[in-house]
>>> print(open('input15.cif').read())   # mmCIF, C-alpha atoms
data_query
loop_
_atom_site.label_atom_id
_atom_site.label_comp_id
_atom_site.auth_asym_id
_atom_site.auth_seq_id
_atom_site.Cartn_x
_atom_site.Cartn_y
_atom_site.Cartn_z
CA MET A 1 -10.84 24.59 39.10
CA PRO A 2 -9.83 23.77 35.51
CA SER A 3 -12.01 25.29 32.85
CA PRO A 4 -14.50 22.84 31.28
CA ILE A 5 -13.61 21.31 27.91
CA THR A 6 -15.91 22.66 25.23
CA ILE A 7 -14.73 21.49 21.82
CA HIS A 8 -16.11 23.22 18.76
CA PRO A 9 -18.55 20.89 16.93
CA ASP A 10 -16.47 21.00 13.74
CA CYS A 11 -13.43 19.72 15.66
CA ARG A 12 -15.10 17.18 17.92
CA GLU A 13 -14.59 14.11 15.73
CA PHE A 14 -10.97 15.05 15.06
CA VAL A 15 -10.23 15.43 18.78
CA GLU A 16 -11.95 12.14 19.55
CA VAL A 17 -9.74 10.30 17.06
CA ILE A 18 -6.60 11.98 18.41
CA GLU A 19 -7.51 11.12 21.99
CA TYR A 20 -8.21 7.51 21.02
CA LEU A 21 -4.84 7.18 19.24
CA LEU A 22 -2.92 8.75 22.12
CA SER A 23 -4.64 6.33 24.50
CA GLN A 24 -3.77 3.37 22.25
CA ARG A 25 -0.09 4.32 22.05
CA GLN A 26 0.17 4.86 25.80
CA SER A 27 -1.49 1.49 26.40
CA GLU A 28 1.05 -0.19 24.12
CA LEU A 29 3.88 1.40 26.07
CA ASP A 30 2.37 0.35 29.40
CA ASN A 31 2.00 -3.23 28.18
CA ARG A 32 5.44 -3.25 26.52
CA LEU A 33 3.78 -4.05 23.21
CA SER A 34 5.02 -1.09 21.21
CA ALA A 35 6.97 -2.23 18.17
CA ARG A 36 6.74 1.40 17.12
CA ALA A 37 9.36 2.56 19.59
CA SER A 38 12.05 0.60 17.74
CA GLN A 39 11.10 1.72 14.23
CA ASP A 40 12.78 4.36 12.12
CA ASN A 41 11.02 7.64 12.79
CA ILE A 42 12.11 11.25 12.53
CA TRP A 43 10.25 11.97 15.78
CA GLY A 44 12.52 9.76 17.88
CA PRO A 45 11.42 8.14 21.17
CA ARG A 46 7.98 9.30 22.30
CA THR A 47 5.66 9.02 25.30
CA TRP A 48 2.55 9.99 23.29
CA THR A 49 1.12 12.50 25.72
CA ARG A 50 -0.89 15.58 24.77
CA THR A 51 1.89 17.86 25.97
CA GLU A 52 4.52 16.06 23.92
CA MET A 53 2.34 16.08 20.80
CA GLN A 54 1.61 19.80 21.25
CA ASP A 55 5.31 20.57 21.68
CA MET A 56 6.46 18.41 18.77
CA VAL A 57 3.68 18.64 16.18
CA TYR A 58 0.61 20.80 16.77
CA SER A 59 0.89 23.54 19.37
CA SER A 60 -2.75 24.62 18.91
CA TYR A 61 -4.19 21.30 20.06
CA LYS A 62 -4.62 22.58 23.63
CA GLN A 63 -6.62 25.55 22.36
CA MET A 64 -8.69 23.23 20.14
CA ARG A 65 -9.70 21.17 23.17
CA ARG A 66 -10.82 24.41 24.88
CA GLY A 67 -13.02 25.38 21.96
CA ARG A 68 -10.85 28.25 20.77
CA ILE A 69 -10.03 26.55 17.44
CA THR A 70 -13.02 26.17 15.14
CA ARG A 71 -11.71 23.83 12.47
CA PRO A 72 -9.15 21.02 12.18
CA PRO A 73 -5.63 21.87 10.98
CA ARG A 74 -4.54 21.84 7.35
CA ARG A 75 -3.80 18.49 5.72
CA GLU A 76 0.00 18.75 6.06
CA VAL A 77 -0.34 19.09 9.83
CA VAL A 78 -2.76 16.16 10.00
CA ILE A 79 -0.21 14.04 8.11
CA ASP A 80 2.51 15.12 10.56
CA MET A 81 0.27 14.15 13.47
CA ALA A 82 -0.37 10.76 11.87
CA ASP A 83 3.39 10.30 11.43
CA TYR A 84 4.04 11.27 15.03
CA LEU A 85 1.39 8.76 16.14
CA ASP A 86 2.86 6.02 13.89
CA CYS A 87 -0.55 5.38 12.37
CA THR A 88 -1.48 2.40 10.29
CA ILE A 89 -3.20 3.23 7.00
CA GLU A 90 -6.60 2.58 8.61
CA GLU A 91 -5.77 4.91 11.53
CA ARG A 92 -4.32 7.53 9.20
CA ASN A 93 -7.48 7.51 7.11
CA ARG A 94 -9.68 7.83 10.21
CA LEU A 95 -7.69 10.92 11.16
CA LEU A 96 -7.88 12.41 7.65
CA VAL A 97 -11.63 11.83 7.34
CA ALA A 98 -12.21 13.32 10.81
CA ALA A 99 -10.36 16.44 9.60
CA ASN A 100 -12.58 16.55 6.47
CA PHE A 101 -9.87 15.39 4.05
CA PRO A 102 -10.11 12.47 1.59
CA PRO A 103 -8.51 9.22 2.75
CA ILE A 104 -5.36 7.72 1.26
CA ASP A 105 -6.06 5.07 -1.38
CA PRO A 106 -5.25 1.64 0.09
CA TYR A 107 -2.81 -0.69 -1.64
CA LEU A 108 -4.27 -3.30 -3.95
CA THR A 109 -5.18 -6.71 -2.55
CA GLY A 110 -7.48 -9.59 -3.48
CA LYS A 111 -9.55 -9.22 -6.64
CA LEU A 112 -8.39 -5.65 -7.29
CA LEU A 113 -4.79 -6.87 -7.33
CA GLN A 114 -5.62 -9.82 -9.57
CA ASP A 115 -7.48 -7.56 -12.01
CA CYS A 116 -4.41 -5.31 -12.23
CA LEU A 117 -1.95 -8.22 -12.51
CA GLN A 118 -3.40 -9.66 -15.70
CA PRO A 119 -2.60 -6.73 -18.05
CA THR A 120 0.72 -6.25 -16.21
CA ILE A 121 1.65 -9.89 -16.95
CA GLU A 122 0.81 -9.33 -20.62
CA ILE A 123 3.19 -6.35 -20.70
CA ALA A 124 6.00 -8.25 -18.93
CA GLN A 125 5.65 -11.21 -21.29
CA SER A 126 5.87 -8.94 -24.34
CA LEU A 127 9.19 -7.38 -23.25
CA ASP A 128 12.35 -8.47 -25.04
CA MET A 129 14.30 -8.72 -21.79
CA PRO A 130 14.16 -10.65 -18.50
CA ALA A 131 11.40 -9.25 -16.26
CA MET A 132 9.42 -10.04 -13.14
CA ILE A 133 6.38 -8.53 -11.46
CA ILE A 134 6.37 -7.58 -7.78
CA ASN A 135 3.74 -6.12 -5.47
CA ARG A 136 4.42 -3.69 -2.63
CA ASP A 137 5.30 -6.57 -0.30
CA TRP A 138 8.05 -7.42 -2.84
CA ARG A 139 6.37 -10.77 -3.55
CA ILE A 140 7.14 -11.99 -7.07
CA HIS A 141 3.89 -12.71 -8.92
CA PHE A 142 5.33 -13.52 -12.32
CA LEU A 143 8.57 -14.28 -14.17
CA ASN A 144 8.50 -13.86 -17.93
CA THR A 145 10.02 -16.44 -20.27
CA GLN A 146 13.32 -14.56 -20.58
CA MET A 147 13.70 -14.35 -16.80
CA LEU A 148 13.12 -18.09 -16.49
CA ARG A 149 15.78 -18.72 -19.16
CA LEU A 150 18.21 -16.46 -17.33
CA TYR A 151 18.28 -18.78 -14.33
CA GLU A 152 17.38 -22.10 -15.98
CA LEU A 153 14.02 -22.30 -14.28
CA THR A 154 10.68 -23.58 -15.51
CA SER A 155 7.43 -21.91 -14.59
CA GLN A 156 6.51 -25.12 -12.74
CA GLN A 157 9.68 -24.94 -10.63
CA PHE A 158 8.98 -21.32 -9.76
CA GLU A 159 5.34 -21.95 -8.89
CA SER A 160 6.31 -24.91 -6.70
CA LEU A 161 8.28 -22.62 -4.38
CA PRO A 162 6.47 -21.81 -1.11
CA ASP A 163 4.90 -18.34 -1.11
CA GLU A 164 7.37 -16.99 1.44
CA TYR A 165 10.28 -17.83 -0.89
CA ARG A 166 8.80 -16.05 -3.89
CA ASN A 167 9.94 -12.66 -2.67
CA SER A 168 12.64 -10.55 -4.30
CA LEU A 169 14.15 -9.43 -0.99
CA ARG A 170 14.35 -13.00 0.25
CA LEU A 171 15.95 -14.11 -3.03
CA ILE A 172 18.75 -11.62 -2.43
CA PHE A 173 19.50 -12.73 1.15
CA ASP A 174 18.62 -16.42 1.30
CA PRO A 175 21.66 -18.61 0.40
CA ASP A 176 19.37 -21.59 -0.21
CA LEU A 177 17.53 -19.93 -3.10
CA PRO A 178 18.77 -19.94 -6.73
CA LEU A 179 19.37 -16.22 -7.28
CA TYR A 180 21.79 -15.81 -4.35
CA PRO A 181 24.82 -17.64 -5.88
CA ALA A 182 24.37 -15.69 -9.09
CA LEU A 183 24.72 -12.36 -7.27
CA ILE A 184 27.01 -12.85 -4.27
CA GLY A 185 30.11 -13.43 -6.43
CA ASN A 186 30.67 -9.68 -6.65
CA ARG A 187 30.37 -8.60 -3.02
CA GLU A 188 30.36 -4.87 -3.73
CA SER A 189 27.60 -5.19 -6.34
CA TRP A 190 25.54 -7.49 -4.09
CA THR A 191 25.84 -5.14 -1.11
CA ARG A 192 24.67 -2.13 -3.05
CA MET A 193 21.78 -4.04 -4.60
CA ALA A 194 20.72 -5.49 -1.22
CA ARG A 195 20.80 -2.11 0.51
CA GLN A 196 19.11 -0.27 -2.35
CA THR A 197 16.35 -2.90 -2.44
CA ILE A 198 15.79 -2.44 1.31
CA TYR A 199 15.78 1.34 0.79
CA GLY A 200 13.15 0.95 -1.93
CA PHE A 201 11.02 -1.36 0.21
CA LYS A 202 11.13 0.99 3.22
CA THR A 203 10.44 4.08 1.11
CA ALA A 204 7.58 2.58 -0.86
CA ASN A 205 5.96 1.24 2.29
CA ARG A 206 6.50 4.17 4.64
CA LEU A 207 2.79 4.27 5.45
CA CYS A 208 2.60 0.49 5.93
CA ARG A 209 5.25 0.04 8.64
CA PHE A 210 2.69 -0.92 11.25
CA GLU A 211 0.53 -3.10 9.06
CA SER A 212 0.62 -6.73 10.18
CA TRP A 213 1.87 -8.02 6.80
CA TYR A 214 4.84 -5.62 6.93
CA GLN A 215 5.76 -6.54 10.48
CA ASN A 216 5.45 -10.27 9.75
CA LEU A 217 7.66 -10.06 6.65
CA VAL A 218 10.43 -8.13 8.39
CA ASN A 219 10.39 -10.51 11.36
CA GLU A 220 10.65 -13.43 8.95
CA TRP A 221 13.57 -11.89 7.05
CA MET A 222 15.49 -11.14 10.25
CA SER A 223 16.56 -14.79 10.38
CA LEU A 224 18.36 -14.54 7.01
CA PRO A 225 22.15 -14.06 7.00
CA GLU A 226 23.19 -10.38 7.10
CA PHE A 227 19.65 -9.08 6.69
CA ALA A 228 19.34 -7.61 10.20
CA HIS A 229 22.53 -5.57 9.83
CA HIS A 230 21.51 -4.06 6.50
CA TRP A 231 17.89 -3.51 7.53
CA GLN A 232 18.92 -1.64 10.68
CA THR A 233 21.55 0.53 8.99
CA VAL A 234 19.76 1.56 5.77
CA ARG A 235 18.48 5.09 6.36
CA THR A 236 15.51 6.58 4.54
CA ASP A 237 15.86 10.14 5.90
CA ILE A 238 18.67 10.74 3.37
CA SER A 239 18.99 9.98 -0.33
CA PHE A 240 20.43 6.59 -1.18
CA GLU A 241 23.39 8.27 -2.93
CA GLN A 242 24.68 9.03 0.60
CA ASP A 243 24.60 5.36 1.59
CA PRO A 244 28.14 3.95 2.09
CA SER A 245 27.47 1.18 -0.44
CA ALA A 246 26.89 3.77 -3.18
CA ALA A 247 30.31 5.39 -2.77
CA ASN A 248 32.71 5.11 -5.73
CA LEU A 249 30.11 3.35 -7.87
CA THR A 250 28.15 4.45 -10.92
CA PRO A 251 25.20 6.79 -10.24
CA THR A 252 22.77 4.13 -11.50
CA LEU A 253 22.47 0.65 -10.05
CA LEU A 254 24.28 -2.08 -11.99
CA LEU A 255 24.24 -5.76 -11.05
CA ASP A 256 27.11 -8.14 -11.62
CA ALA A 257 25.12 -11.32 -12.28
CA LEU A 258 26.39 -14.84 -12.87
CA ILE A 259 24.42 -16.39 -15.73
CA PRO A 260 24.84 -20.13 -15.14
CA ASN A 261 23.87 -21.50 -18.55
CA VAL A 262 26.10 -19.34 -20.78
CA ARG A 263 28.56 -21.45 -22.80
CA VAL A 264 30.27 -19.15 -25.31
CA HIS A 265 30.33 -15.73 -23.69
CA SER A 266 31.28 -14.62 -20.19
CA LYS A 267 29.08 -15.96 -17.40
CA HIS A 268 29.50 -12.72 -15.44
CA SER A 269 27.38 -9.96 -16.96
CA TRP A 270 26.51 -6.44 -15.88
CA LEU A 271 22.76 -5.87 -15.89
CA ARG A 272 20.84 -2.63 -15.42
CA PRO A 273 17.48 -2.87 -13.57
CA LEU A 274 14.55 -1.01 -15.09
CA ILE A 275 11.44 -0.28 -13.01
CA ILE A 276 8.17 0.00 -14.92
CA SER A 277 5.26 1.29 -12.83
CA THR A 278 1.73 0.21 -13.65
CA GLY A 279 0.39 3.64 -12.67
CA TYR A 280 1.39 7.25 -13.01
CA PHE A 281 3.60 7.40 -9.94
CA GLN A 282 6.87 5.81 -8.86
CA PHE A 283 5.41 3.66 -6.11
CA ASP A 284 2.25 2.44 -7.84
CA PHE A 285 2.06 -1.33 -7.60
CA PRO A 286 2.31 -3.92 -8.99
CA GLN A 287 5.57 -3.05 -10.74
CA ILE A 288 7.60 -4.70 -13.48
CA ILE A 289 11.31 -5.08 -12.73
CA ALA A 290 13.18 -5.72 -15.98
CA PHE A 291 16.89 -6.24 -16.61
CA LEU A 292 18.76 -4.68 -19.52
CA PRO A 293 22.29 -5.60 -20.60
CA ALA A 294 24.60 -2.81 -19.44
CA ASP A 295 27.29 -3.46 -22.04
CA GLU A 296 27.97 -5.44 -25.22
CA GLN A 297 29.33 -8.45 -23.35
CA ALA A 298 26.11 -8.73 -21.33
CA ARG A 299 24.01 -8.30 -24.48
CA LEU A 300 25.81 -11.18 -26.17
CA ALA A 301 25.43 -13.40 -23.10
CA LEU A 302 21.68 -12.72 -22.84
CA ALA A 303 21.27 -13.26 -26.58
CA GLU A 304 23.07 -16.62 -26.32
CA ILE A 305 20.48 -18.00 -23.90
CA GLY A 306 17.53 -16.40 -25.70
CA ALA A 307 16.82 -13.84 -22.97
CA ILE A 308 16.93 -11.04 -25.55
CA THR A 309 16.82 -10.94 -29.32
CA ALA A 310 20.28 -11.10 -30.89
#
>>> encode(input="input15.cif", output="structure tokens")
Amino acid sequence: MPSPITIHPDCREFVEVIEYLLSQRQSELDNRLSARASQDNIWGPRTWTRTEMQDMVYSSYKQMRRGRITRPPRREVVIDMADYLDCTIEERNRLLVAANFPPIDPYLTGKLLQDCLQPTIEIAQSLDMPAMIINRDWRIHFLNTQMLRLYELTSQQFESLPDEYRNSLRLIFDPDLPLYPALIGNRESWTRMARQTIYGFKTANRLCRFESWYQNLVNEWMSLPEFAHHWQTVRTDISFEQDPSAANLTPTLLLDALIPNVRVHSKHSWLRPLIISTGYFQFDFPQIIAFLPADEQARLALAEIGAITA
């Protein structure tokens, strides 16, 4: 007869969460509901059984269930287990708390986001360059005056756009939106920008891949021309410098943008994106995305339309 399962009290909650998550993943497979199986993941295809998890992530789990392990694993192992299980942020935090570790801070939404946006808008408006504010879903929350001048928009025209169109990734791929014609003229520049923006979105939201908002956005963007190809081929397990679109180009991203309302100077200008985080870390959101002239010709063009000071 198999020996009875006697889990140490300090590990009981952790085991219960693991067993629940394994059951959930197996149920999704049985019901053919698992979007997780098609997502980028270093673990590859999985069946989400105890044996597989023990072999791939945490070999001591069997001994833990027998009571021979008296405390949950270290935090790095818990994170690996959460990655293997393709956890949402809520599931990941349940697992961390069960292992006696602090949860991951959730991304800002609702009033917390609005409270953070106000001072961020004040900063963006004070910049002497075109700038916009995005959140981690890449939705554009604000365009400063210089950015509006760059593309001959009014704040009323921007605010009249449906919410789903006010997204920086959609602006890059949707031929019906105003930014697309200004960027697609230089195919090489557009391709690198599109792929690097996808890389940034995937990297910043690695822990959000199974949140409903993330899934809904990606499904929506899949209908846009060329998006599916680039989304499926941009890899995040390597640095972006190894992406084919980055070959033979400058180490930093430059955009060849068509500025439609320039009269005296060249309409085509090279711009250099500048990311300004509202927190201490690279992927704190909301973020300000500003655009600097990359050369004298671009500076003169931006000065002509009042997007920077001459």
>>> resolve_selection(input="input15.cif", expression="the PyMOL selection byres ((chain A and resi 178) around 12)", output="list in words")
Leu148, Leu150, Tyr151, Glu152, Leu153, Gln157, Phe158, Leu161, Tyr165, Arg166, Ser168, Arg170, Leu171, Ile172, Phe173, Asp174, Pro175, Asp176, Leu177, Leu179, Tyr180, Pro181, Ala182, Leu183, Ile184, Leu258, Ile259 and Pro260 of chain A
>>> atom_distance(input="input15.cif", atom1="atom CA of A:Ala246", atom2="atom CA of A:His230")
13.6 Å
>>> residues_near_point(input="input15.cif", point="(8.1, -19.0, -7.2)", cutoff="10 Å", atoms="only C-alpha atoms", output="list in words")
Arg139, Ile140, His141, Phe142, Leu143, Leu153, Thr154, Ser155, Gln156, Gln157, Phe158, Glu159, Ser160, Leu161, Pro162, Asp163, Glu164, Tyr165, Arg166 and Asn167 of chain A
>>> resolve_selection(input="input15.cif", expression="the PyMOL selection byres ((chain A and resi 282-292) around 9)", output="number ranges by chain")
A: 107-108, 113, 116-117, 120-121, 123-124, 127, 129-136, 141, 147, 203-205, 270-281, 293-295, 298-299, 308
>>> write_last_selection(input="input15.cif", atoms="C-alpha atoms", output="PDB file, in the coordinates of the input")
ATOM      1  CA  TYR A 107      -2.810  -0.690  -1.640  1.00  0.00           C
ATOM      2  CA  LEU A 108      -4.270  -3.300  -3.950  1.00  0.00           C
ATOM      3  CA  LEU A 113      -4.790  -6.870  -7.330  1.00  0.00           C
ATOM      4  CA  CYS A 116      -4.410  -5.310 -12.230  1.00  0.00           C
ATOM      5  CA  LEU A 117      -1.950  -8.220 -12.510  1.00  0.00           C
ATOM      6  CA  THR A 120       0.720  -6.250 -16.210  1.00  0.00           C
ATOM      7  CA  ILE A 121       1.650  -9.890 -16.950  1.00  0.00           C
ATOM      8  CA  ILE A 123       3.190  -6.350 -20.700  1.00  0.00           C
ATOM      9  CA  ALA A 124       6.000  -8.250 -18.930  1.00  0.00           C
ATOM     10  CA  LEU A 127       9.190  -7.380 -23.250  1.00  0.00           C
ATOM     11  CA  MET A 129      14.300  -8.720 -21.790  1.00  0.00           C
ATOM     12  CA  PRO A 130      14.160 -10.650 -18.500  1.00  0.00           C
ATOM     13  CA  ALA A 131      11.400  -9.250 -16.260  1.00  0.00           C
ATOM     14  CA  MET A 132       9.420 -10.040 -13.140  1.00  0.00           C
ATOM     15  CA  ILE A 133       6.380  -8.530 -11.460  1.00  0.00           C
ATOM     16  CA  ILE A 134       6.370  -7.580  -7.780  1.00  0.00           C
ATOM     17  CA  ASN A 135       3.740  -6.120  -5.470  1.00  0.00           C
ATOM     18  CA  ARG A 136       4.420  -3.690  -2.630  1.00  0.00           C
ATOM     19  CA  HIS A 141       3.890 -12.710  -8.920  1.00  0.00           C
ATOM     20  CA  MET A 147      13.700 -14.350 -16.800  1.00  0.00           C
ATOM     21  CA  THR A 203      10.440   4.080   1.110  1.00  0.00           C
ATOM     22  CA  ALA A 204       7.580   2.580  -0.860  1.00  0.00           C
ATOM     23  CA  ASN A 205       5.960   1.240   2.290  1.00  0.00           C
ATOM     24  CA  TRP A 270      26.510  -6.440 -15.880  1.00  0.00           C
ATOM     25  CA  LEU A 271      22.760  -5.870 -15.890  1.00  0.00           C
ATOM     26  CA  ARG A 272      20.840  -2.630 -15.420  1.00  0.00           C
ATOM     27  CA  PRO A 273      17.480  -2.870 -13.570  1.00  0.00           C
ATOM     28  CA  LEU A 274      14.550  -1.010 -15.090  1.00  0.00           C
ATOM     29  CA  ILE A 275      11.440  -0.280 -13.010  1.00  0.00           C
ATOM     30  CA  ILE A 276       8.170   0.000 -14.920  1.00  0.00           C
ATOM     31  CA  SER A 277       5.260   1.290 -12.830  1.00  0.00           C
ATOM     32  CA  THR A 278       1.730   0.210 -13.650  1.00  0.00           C
ATOM     33  CA  GLY A 279       0.390   3.640 -12.670  1.00  0.00           C
ATOM     34  CA  TYR A 280       1.390   7.250 -13.010  1.00  0.00           C
ATOM     35  CA  PHE A 281       3.600   7.400  -9.940  1.00  0.00           C
ATOM     36  CA  PRO A 293      22.290  -5.600 -20.600  1.00  0.00           C
ATOM     37  CA  ALA A 294      24.600  -2.810 -19.440  1.00  0.00           C
ATOM     38  CA  ASP A 295      27.290  -3.460 -22.040  1.00  0.00           C
ATOM     39  CA  ALA A 298      26.110  -8.730 -21.330  1.00  0.00           C
ATOM     40  CA  ARG A 299      24.010  -8.300 -24.480  1.00  0.00           C
ATOM     41  CA  ILE A 308      16.930 -11.040 -25.550  1.00  0.00           C
TER      42      ILE A 308
END
>>> resolve_selection(input="input15.cif", expression="the PyMOL selection byres ((chain A and resi 10-20) around 6)", output="PDB file with C-alpha atoms, keeping the file's coordinate frame")
ATOM      1  CA  ILE A   7     -14.730  21.490  21.820  1.00  0.00           C
ATOM      2  CA  HIS A   8     -16.110  23.220  18.760  1.00  0.00           C
ATOM      3  CA  PRO A   9     -18.550  20.890  16.930  1.00  0.00           C
ATOM      4  CA  LEU A  21      -4.840   7.180  19.240  1.00  0.00           C
ATOM      5  CA  LEU A  22      -2.920   8.750  22.120  1.00  0.00           C
ATOM      6  CA  SER A  23      -4.640   6.330  24.500  1.00  0.00           C
ATOM      7  CA  ARG A  71     -11.710  23.830  12.470  1.00  0.00           C
ATOM      8  CA  PRO A  72      -9.150  21.020  12.180  1.00  0.00           C
ATOM      9  CA  ALA A  98     -12.210  13.320  10.810  1.00  0.00           C
ATOM     10  CA  ALA A  99     -10.360  16.440   9.600  1.00  0.00           C
TER      11      ALA A  99
END
>>> decode(input="input15.cif", residues="stretch 186-199 of chain A", atoms="N, CA and C atoms", output="compact mmCIF listing (two decimals), in the first residue's frame")
# COMPACT_ATOMS: atom_id res chain seq x y z
N ASN A 186 9.61 54.36 -44.71
CA ASN A 186 10.90 53.69 -44.61
C ASN A 186 10.64 52.31 -44.01
N ARG A 187 10.59 51.31 -44.88
CA ARG A 187 10.17 49.97 -44.44
C ARG A 187 11.12 49.38 -43.39
N GLU A 188 12.41 49.59 -43.56
CA GLU A 188 13.38 49.02 -42.63
C GLU A 188 13.21 49.64 -41.24
N SER A 189 13.05 50.98 -41.21
CA SER A 189 12.85 51.67 -39.93
C SER A 189 11.55 51.22 -39.28
N TRP A 190 10.47 51.12 -40.07
CA TRP A 190 9.17 50.71 -39.53
C TRP A 190 9.24 49.30 -38.94
N THR A 191 9.91 48.39 -39.66
CA THR A 191 9.98 47.00 -39.20
C THR A 191 10.70 46.90 -37.87
N ARG A 192 11.83 47.61 -37.78
CA ARG A 192 12.56 47.55 -36.51
C ARG A 192 11.73 48.14 -35.38
N MET A 193 11.10 49.29 -35.63
CA MET A 193 10.30 49.91 -34.59
C MET A 193 9.14 49.01 -34.17
N ALA A 194 8.45 48.39 -35.16
CA ALA A 194 7.32 47.53 -34.85
C ALA A 194 7.76 46.34 -34.00
N ARG A 195 8.86 45.72 -34.39
CA ARG A 195 9.32 44.53 -33.67
C ARG A 195 9.88 44.89 -32.29
N GLN A 196 10.57 46.03 -32.20
CA GLN A 196 11.10 46.42 -30.89
C GLN A 196 9.98 46.83 -29.95
N THR A 197 8.91 47.41 -30.49
CA THR A 197 7.76 47.76 -29.65
C THR A 197 7.07 46.50 -29.14
N ILE A 198 6.93 45.50 -29.99
CA ILE A 198 6.37 44.21 -29.55
C ILE A 198 7.28 43.59 -28.49
N TYR A 199 8.58 43.64 -28.73
CA TYR A 199 9.54 43.08 -27.75
C TYR A 199 9.37 43.77 -26.40
